[in-house]
Amino acid sequence: QAIAGQIDHTHPLEPSGSRFRRVVPGVAGMAAKAAQVAAATKQAVETPIPMDDDDADLADDQGYGPVRRKNDKSVANADGIVFRPAEVEDVVIEVVEEDDDAPYSKPEFAALTPKQQGGNKLKQLRRVPVPAHRLTPLKAQWMTLISPLVEHMKLQVRMNTKRRAVEIRNSNETEDIGYLQKAADYFKAFMLGFDQTDAVALLRLDDLFVESFEVKDVKRLQGDHLSRCIGRIAGKDGKTKYAIENSTRTRISLNDDKVHILGSFANIRLARDAICNLILGSAPGKVYTKLRTVSKRLQERL
């Protein structure tokens with residue numbers, strides 16, 4: 001029998017009632033398939049090949065990127081998107097050489113003086129306390145101490161007996177406001193036990209510092225052990241202390257169990273290492289040997 005354009009035939013070798021059947025297409029099905037193939041071939045032949053001239057027209061009309069056409073299924077795919085080539089303009093990198101004769105250059109201004117900055121209008125004060133054991137040396141060397149501050153730096157210095165402190169203030173003639181801090185460091189170094197001739201180097205040089213530490217910071221010592229340790233640092237008649245000072249180009253002040261070192265950053269480190277070795281119990285002979293090596297290196301640098 002023919003049903004819907006197809007004939008269902010049972011193979012003569014298959015038994016009746018078998019589940020295996022072969023479907024043979026009819027004449028109407030073959031004709032429909034041939035018509036579909038012919039229509040697809042015709043569409044492929046009639047579809048024009050995109051040329052370079054067409055891209056410009058498409059770009060002007062539709063723009064760049066994918067174009068959606070939901071109603072036109074013959075041109076678009078299943079999602080309704082038609083991919084067309086997008087034309088990208090040429091990117092040109094321009095190289096510009098700067099001429100020496102520029103219309104303008106970076107301005108350079110001279111540093112402002114404290115008077116121009118208006119820093120002298122505001123008076124600033126530094127107060128340095130005076131310990132009891134440095135009061136007598138301060139009275140004896142008062143004129144020597146204040147002469148470089150008053151004559152060269154144009155600072156105002158006075159002794160406040162009620163507060164027992166030295167007060168330093170800038171004046172209208174002070175050229176640099178940084179002189180005030182230098183003067184405070186200068187007096188502080190004198191209060192720590194340094195001589196006036198050594199402390200005045202803080203006013204002349206910028207790379208000098210004062211470092212302080214206690215013997216107990218290196219090793220905990222008490223009683224006679226602490227006294228013997230301080231004696232090892234000083235040496236007989238100050239021999240060890242002078243040897244460390246001369247070899248490392250520093251100045252050392254021993255104030256009870258406190259050690260103050262005046263010098264540059266690198267030299268302070270060398271002197272501190274030598275003192276720490278003495279505190280930890282090293283023999284003075286070993287320290288002298290290291291100091292000889294250090295002094296030779298410093299001479300080679302110079």
# chains A, B, ... in the order shown; residues from 1 in each chain; ligands from 1
$ residues_around --residues "segment 289-293 of chain A" --least-positions-apart "5" --cutoff "10 Å" --atoms "only C-alpha atoms" --output "ChimeraX atom specification"
/A:243-248,270-271,274,284,298
$ residues_around --residues "Gln141 of chain A" --least-positions-apart "6" --cutoff "12 Å" --atoms "only C-alpha atoms" --output "compact mmCIF listing (two decimals) with N, CA and C atoms, in the first residue's frame"
# COMPACT_ATOMS: atom_id res chain seq x y z
N ARG A 134 77.35 69.81 84.30
CA ARG A 134 77.87 70.61 83.21
C ARG A 134 77.62 72.10 83.42
N LEU A 135 77.10 72.46 84.57
CA LEU A 135 76.81 73.87 84.83
C LEU A 135 78.09 74.68 85.02
N SER A 147 79.94 82.80 71.05
CA SER A 147 80.51 83.69 70.04
C SER A 147 80.23 83.25 68.60
N PHE A 187 74.88 72.91 71.34
CA PHE A 187 74.80 72.99 72.80
C PHE A 187 74.51 71.61 73.43
N PHE A 190 77.67 69.72 73.76
CA PHE A 190 78.48 70.20 74.90
C PHE A 190 77.92 69.68 76.23
N ASP A 195 84.02 68.48 74.30
CA ASP A 195 84.67 69.78 74.40
C ASP A 195 84.06 70.75 73.39
N GLN A 196 84.29 72.04 73.66
CA GLN A 196 83.74 73.06 72.77
C GLN A 196 84.41 72.99 71.40
N THR A 197 85.68 72.69 71.34
CA THR A 197 86.38 72.59 70.06
C THR A 197 85.88 71.43 69.21
$ atom_distance --atom1 "atom CA of Asn255 of chain A" --atom2 "atom CA of Glu214 of chain A"
9.5 Å
$ residues_around --residues "segment 164-180 of chain A" --least-positions-apart "3" --cutoff "10 Å" --atoms "only C-alpha atoms" --output "JSON, numbers by chain"
{"A": [113, 114, 115, 119, 120, 121, 122, 123, 124, 125, 126, 127, 128, 129, 130, 131, 132, 135, 138, 146, 149, 150, 152, 153, 154, 155, 156, 157, 158, 159, 160, 161, 183, 184, 185, 186, 187, 188, 203]}
$ atom_distance --atom1 "atom CA of Glu211 of chain A" --atom2 "atom CA of Leu226 of chain A"
20.5 Å
$ closest_residue --among "A:Lys139, A:Lys296, A:Arg228, A:Lys106" --to "Asp256 of chain A" --atoms "only C-alpha atoms"
A:Arg228
$ atom_distance --atom1 "atom CA of Leu145 of chain A" --atom2 "atom CA of Ile230 of chain A"
29.3 Å
$ closest_residue --among "A:Ala110, A:Val218, A:Thr47, A:Glu151" --to "Asp273 of chain A" --atoms "only C-alpha atoms"
A:Val218
